Structures are given as C-alpha cells and as structure tokens.
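Worksheet: the structure to be examined is printed underneath.
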Amino acid sequence: GSDHPSVPSEGTRFGRTHPQTHQSSGSRFERHLRKEEQIVGQKVNPIGLRTALTKDWDSRWFASKKDFGATLYEDYNLRRELKAQLYNFGISRIEIERDGKRVRISIHTAKPGLVIGKGGSEIEKLKATLEKKIGKEVSLNIIEIKNPDVNAQLVAESIASQLERRISFRRALKQAIGRAMKLGAKGIKIQVSGRIGGAEIARSETYKEGTIPLQTIRADIDYGFAEAKTTYGRIGVKVWIYTGEVLQVSNNENRQKPVRRRPRKENREGGAK
C-alpha cells in the first residue's frame, strides 16, 4: 500500500555491484592481506643465517656441475648413517672435506673414548666401513666437545631422551637451562612442541633465560633440534644458546699508529729558541 515501490539499493542495482562498493571491499581485503604478510615468515635457522659470516660450512669441497648433486647426496647419507650409528655417543656435528682422492671426516663428540674404542679398534672398523661405501681413502678425526651442556644439539638430544623416559618436561627443561647458564652461557631458549605429557591436544611451550639476540649477525648463537619418539607421538625439541659475540680482528689494528704532531705554534716557538 505504500506510494514508493521497493527499489534495489544503490550498490546492487540490476544485479551489479556499484564501483564504489567494489572498491571499498577490495581495499579492505588488501589491508587484510597486508596485515597477514606482516605476521608470516619471521623465523630462520640461526646457523644458516650466519654461514660464511661468523660460521663455516659443514661440507667443504668443490665439484663440477654434473657431479655436485651426487656428491651432496653422498654427504647427506654419510651424515645420516654416522649419526644413527653413533647416536648414543653425543655427536653434535659432522664436517666433511674432500679433495681428488681423499675424504676427511671430523666428528665432534662428547664421548671420544667410546667412538675410538679400546686401542682404536672401533674407529678402524668405522674407517673400513666408510672406505668400502665411498670407494675412496677416508681419514677420521675425532674432536672432543669440552662442555656438552652448552652445545645446543646435545642439549636438545638430552631433553628428547628424557622425554622418552617419561620424565616431566618442565623438570628436564629447567635443569638444562640451569646447567647451561652455570657454565657461562649468556642466554638459552628451549621450545617443546607436540603432545606434551600425553595431552590429547598438541601445544608448544617455551622456556628461556638470559638474552637471545637472534637478529644480531655477530652474535654466536648455537641451534639444535631433536625429536622424542614417545608412545603417543613425536615431540620436537628446539634449543638456542647464546654464548657471546664473535669479534673479528680488523686490519686497522695491524696498521702503524699515526705520529701525533705538535701544533704549529709550539713548533715556531721551539724554532725561535
């Protein structure tokens, strides 16, 4: 009964969207995208970020373009098999150097005595196995880790083994943090993710003490990751340990110090006398 018939609104007349309406919704969507872009992708591996600046490569060799992929894959398999074979001996890092005829492998371990064996028997067996696999001469170098409680990879593996033995995760984390700080670490952060304590819903918990300047490139930050294989699923353990800054010796220190000259006025007075 009204005099004015119902007319479609300005924004949706004849089934079309008004250009102003479309523009406002588009800009709102773009603002949402920009907001999302600010959140995503903030984490990076601290060792990869510092490689060639304050840290060296774990693999050091040169290969032609056709052999590069096969050599890299061989390095990957070597590390994986050595780590699996010597896991209980506290292996934190395996370095591989190659030349034309020889492969030099440096194993950083917390228990060098167990790796070498009685009279060097274990290391000779390991050397023979690797030479048979690679088909080249292998020289093994065992490097002892003096403070395993300040090595991020070994700390992560220690926490993972404790979680597998059903030890309380809070207790394991707090003990690891206390030992690291006592041995001179300037900061430590530990993150545990998964079905912690057998909970049905997975979650992440982070504990830290001291400072962890992840964005400072000259900061010497060690990073380690391990997985606890529990009956109710895998629990990931990440560890960051900050031990101080790496200060490179500049060339300016080696230069001769400039001779300080007297002001001209003093020179003239001295000449007049």
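Chain labels A, B, ... are given in the sequence in which chains occur in the structure tokens; within each chain residues are numbered consecutively from 1, and ligands are likewise numbered from 1 in the order shown.
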
Give me, as an mmCIF file with C-alpha atoms, in the first residue's frame, all polymer residues having an atom no more than 8 Å from region 192-197 of chain A, counting only C-alpha atoms and skipping those fewer than 3 positions away in the same chain.
```
data_model
loop_
_atom_site.group_PDB
_atom_site.id
_atom_site.type_symbol
_atom_site.label_atom_id
_atom_site.label_comp_id
_atom_site.auth_asym_id
_atom_site.auth_seq_id
_atom_site.Cartn_x
_atom_site.Cartn_y
_atom_site.Cartn_z
ATOM 1 C CA SER A 168 58.495 -34.387 33.478
ATOM 2 C CA PHE A 169 59.250 -31.951 30.634
ATOM 3 C CA GLU A 200 45.211 -35.013 23.517
ATOM 4 C CA ILE A 201 45.714 -31.539 22.043
ATOM 5 C CA ALA A 202 49.236 -30.716 20.861
ATOM 6 C CA ARG A 203 50.765 -27.461 22.073
ATOM 7 C CA SER A 204 54.054 -25.575 22.233
ATOM 8 C CA GLU A 205 55.803 -24.400 25.391
ATOM 9 C CA THR A 206 58.849 -22.136 25.512
ATOM 10 C CA TYR A 232 51.705 -41.062 21.992
ATOM 11 C CA GLY A 233 53.544 -39.317 19.148
ATOM 12 C CA ARG A 234 56.681 -37.345 18.390
ATOM 13 C CA ILE A 235 57.696 -34.303 20.425
ATOM 14 C CA GLY A 236 60.003 -31.756 18.802
ATOM 15 C CA VAL A 237 62.684 -30.015 20.858
ATOM 16 C CA LYS A 238 64.426 -26.834 19.667
#
```

Query - Counting only C-alpha atoms, the option among A:Ile143, A:Val246, A:Ile190, A:Tyr223 closest to Asn45 (chain A) - result: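 Closest residue, counting only C-alpha atoms: A:Tyr223.
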
Report task. Determine which residues of region 43-254 of chain A DSSP labels as alpha helix (DSSP H) from the backbone of this structure, then write them out as a ChimeraX atom specification. Result -> /A:46-50,65-85,112-116,121-134,152-164,169-182

Requested in this report: Go through A:Lys229, A:Arg98, A:Lys182, A:Lys118 one by one, measure the shortest atom-to-atom distance of each to Val150 (chain A) using only C-alpha atoms, and give the residue with the smallest value.
Outcome: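 Under the stated criterion, the closest residue is A:Lys182.
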
Query - Contacts of Gly178 (chain A) within 12 Å, only C-alpha atoms, excl. fewer than 2 positions in-chain, as a list of chain:residue names - result: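 Close residues of Gly178 (chain A): A:Asp149, A:Val150, A:Val155, A:Arg171, A:Ala172, A:Leu173, A:Lys174, A:Gln175, A:Ala176, A:Ala180, A:Met181, A:Lys182, A:Leu183, A:Gly184, A:Ala185, A:Lys186, A:Gly187, A:Ile188, A:Lys189, A:Ile190, A:Tyr207, A:Lys208, A:Glu209, A:Gly210.
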
Restricting it to C-alpha atoms, dump the selection as a tab-separated table (two decimals), in the first residue's frame.
```tsv
chain	number	residue	atom	x	y	z
A	149	ASP	CA	75.79	-28.68	28.38
A	150	VAL	CA	76.47	-25.55	26.27
A	155	VAL	CA	71.12	-30.32	24.94
A	171	ARG	CA	61.91	-30.55	35.15
A	172	ALA	CA	64.06	-31.56	32.15
A	173	LEU	CA	63.91	-28.06	30.63
A	174	LYS	CA	64.66	-26.21	33.86
A	175	GLN	CA	67.63	-28.47	34.63
A	176	ALA	CA	69.07	-27.94	31.11
A	180	ALA	CA	73.86	-24.01	30.58
A	181	MET	CA	73.69	-20.70	32.47
A	182	LYS	CA	76.01	-22.06	35.16
A	183	LEU	CA	78.64	-22.94	32.53
A	184	GLY	CA	78.79	-19.40	31.14
A	185	ALA	CA	76.02	-19.19	28.51
A	186	LYS	CA	74.62	-15.66	28.20
A	187	GLY	CA	71.19	-16.87	27.19
A	188	ILE	CA	69.22	-20.02	26.36
A	189	LYS	CA	65.79	-20.67	24.86
A	190	ILE	CA	64.10	-24.09	24.63
A	207	TYR	CA	61.23	-21.53	28.42
A	208	LYS	CA	64.08	-19.05	28.27
A	209	GLU	CA	66.64	-17.30	30.42
A	210	GLY	CA	69.11	-14.51	29.63
```

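Each of A:Leu126, A:Ile159, A:Leu214, A:Ala152 was compared to Leu86 (chain A) using only C-alpha atoms, and A:Leu126 turns out to be the nearest.
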
Report task. Could you tell me which of A:Ser106, A:Asn88, A:Thr216, A:Thr243 comes closest to Val138 (chain A) if we count only C-alpha atoms? Result ->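 Nearest to Val138 (chain A): A:Ser106.
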
Query raised in the report: Which of region 24-253 of chain A counts as strand (DSSP E) under DSSP, as JSON, numbers by chain please?
Result: {"A": [59, 60, 91, 92, 93, 94, 95, 96, 97, 98, 102, 103, 104, 105, 106, 107, 108, 109, 137, 138, 139, 140, 141, 142, 143, 144, 187, 188, 189, 190, 191, 192, 193, 194, 203, 204, 205, 206, 207, 208, 209, 210, 219, 220, 221, 222, 223, 224, 225, 226, 227, 228, 229, 230, 233, 234, 235, 236, 237, 238, 239, 240, 241, 242, 243, 244, 245]}

Requested write-out: C-alpha atoms of the selected residues, as a PDB file, in the first residue's frame:
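Saved file again-v3.pdb follows:
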```pdb
ATOM      1  CA  SER A  59      80.844 -29.554   3.917  1.00  0.00           C
ATOM      2  CA  ARG A  60      83.930 -28.076   2.251  1.00  0.00           C
ATOM      3  CA  ILE A  91      77.526 -36.464  18.144  1.00  0.00           C
ATOM      4  CA  SER A  92      76.777 -32.771  17.618  1.00  0.00           C
ATOM      5  CA  ARG A  93      78.403 -32.040  14.254  1.00  0.00           C
ATOM      6  CA  ILE A  94      79.998 -33.938  11.332  1.00  0.00           C
ATOM      7  CA  GLU A  95      82.291 -31.988   8.985  1.00  0.00           C
ATOM      8  CA  ILE A  96      83.288 -33.377   5.575  1.00  0.00           C
ATOM      9  CA  GLU A  97      86.215 -32.168   3.459  1.00  0.00           C
ATOM     10  CA  ARG A  98      87.046 -33.640   0.058  1.00  0.00           C
ATOM     11  CA  ARG A 102      90.684 -38.468  -0.019  1.00  0.00           C
ATOM     12  CA  VAL A 103      87.678 -37.708   2.200  1.00  0.00           C
ATOM     13  CA  ARG A 104      88.392 -36.173   5.616  1.00  0.00           C
ATOM     14  CA  ILE A 105      85.596 -36.547   8.172  1.00  0.00           C
ATOM     15  CA  SER A 106      85.688 -34.665  11.500  1.00  0.00           C
ATOM     16  CA  ILE A 107      83.291 -35.962  14.154  1.00  0.00           C
ATOM     17  CA  HIS A 108      82.515 -33.652  17.107  1.00  0.00           C
ATOM     18  CA  THR A 109      81.559 -35.853  20.050  1.00  0.00           C
ATOM     19  CA  GLU A 137      90.519 -43.195   1.176  1.00  0.00           C
ATOM     20  CA  VAL A 138      88.921 -41.910   4.396  1.00  0.00           C
ATOM     21  CA  SER A 139      90.673 -40.171   7.280  1.00  0.00           C
ATOM     22  CA  LEU A 140      88.679 -39.781  10.503  1.00  0.00           C
ATOM     23  CA  ASN A 141      89.308 -37.009  13.004  1.00  0.00           C
ATOM     24  CA  ILE A 142      87.607 -37.187  16.422  1.00  0.00           C
ATOM     25  CA  ILE A 143      87.134 -33.808  18.161  1.00  0.00           C
ATOM     26  CA  GLU A 144      86.067 -33.722  21.798  1.00  0.00           C
ATOM     27  CA  GLY A 187      71.187 -16.872  27.189  1.00  0.00           C
ATOM     28  CA  ILE A 188      69.217 -20.020  26.360  1.00  0.00           C
ATOM     29  CA  LYS A 189      65.785 -20.673  24.858  1.00  0.00           C
ATOM     30  CA  ILE A 190      64.096 -24.087  24.632  1.00  0.00           C
ATOM     31  CA  GLN A 191      60.867 -24.822  22.775  1.00  0.00           C
ATOM     32  CA  VAL A 192      58.977 -28.115  23.101  1.00  0.00           C
ATOM     33  CA  SER A 193      56.123 -28.895  20.681  1.00  0.00           C
ATOM     34  CA  GLY A 194      53.708 -31.810  20.396  1.00  0.00           C
ATOM     35  CA  ARG A 203      50.765 -27.461  22.073  1.00  0.00           C
ATOM     36  CA  SER A 204      54.054 -25.575  22.233  1.00  0.00           C
ATOM     37  CA  GLU A 205      55.803 -24.400  25.391  1.00  0.00           C
ATOM     38  CA  THR A 206      58.849 -22.136  25.512  1.00  0.00           C
ATOM     39  CA  TYR A 207      61.228 -21.525  28.417  1.00  0.00           C
ATOM     40  CA  LYS A 208      64.082 -19.052  28.272  1.00  0.00           C
ATOM     41  CA  GLU A 209      66.638 -17.302  30.420  1.00  0.00           C
ATOM     42  CA  GLY A 210      69.108 -14.513  29.633  1.00  0.00           C
ATOM     43  CA  ALA A 219      76.093 -12.972  17.974  1.00  0.00           C
ATOM     44  CA  ASP A 220      77.378 -16.545  18.357  1.00  0.00           C
ATOM     45  CA  ILE A 221      74.109 -18.478  18.610  1.00  0.00           C
ATOM     46  CA  ASP A 222      74.145 -22.274  18.519  1.00  0.00           C
ATOM     47  CA  TYR A 223      70.967 -24.060  17.396  1.00  0.00           C
ATOM     48  CA  GLY A 224      69.923 -27.686  17.829  1.00  0.00           C
ATOM     49  CA  PHE A 225      66.864 -29.812  17.070  1.00  0.00           C
ATOM     50  CA  ALA A 226      65.857 -33.303  18.198  1.00  0.00           C
ATOM     51  CA  GLU A 227      62.708 -35.426  18.287  1.00  0.00           C
ATOM     52  CA  ALA A 228      61.466 -37.543  21.183  1.00  0.00           C
ATOM     53  CA  LYS A 229      59.765 -40.712  19.874  1.00  0.00           C
ATOM     54  CA  THR A 230      57.134 -41.305  22.553  1.00  0.00           C
ATOM     55  CA  GLY A 233      53.544 -39.317  19.148  1.00  0.00           C
ATOM     56  CA  ARG A 234      56.681 -37.345  18.390  1.00  0.00           C
ATOM     57  CA  ILE A 235      57.696 -34.303  20.425  1.00  0.00           C
ATOM     58  CA  GLY A 236      60.003 -31.756  18.802  1.00  0.00           C
ATOM     59  CA  VAL A 237      62.684 -30.015  20.858  1.00  0.00           C
ATOM     60  CA  LYS A 238      64.426 -26.834  19.667  1.00  0.00           C
ATOM     61  CA  VAL A 239      67.308 -25.213  21.548  1.00  0.00           C
ATOM     62  CA  TRP A 240      69.006 -21.826  21.039  1.00  0.00           C
ATOM     63  CA  ILE A 241      72.139 -20.999  23.094  1.00  0.00           C
ATOM     64  CA  TYR A 242      73.851 -17.586  23.037  1.00  0.00           C
ATOM     65  CA  THR A 243      77.490 -17.655  24.162  1.00  0.00           C
ATOM     66  CA  GLY A 244      78.646 -14.129  23.253  1.00  0.00           C
ATOM     67  CA  GLU A 245      79.666 -12.038  20.264  1.00  0.00           C
TER      68      GLU A 245
END
```

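Closest approach to Gly48 (chain A) among A:Lys132, A:Ile217, A:Ser161, A:Thr231: A:Ile217, based on only C-alpha atoms.
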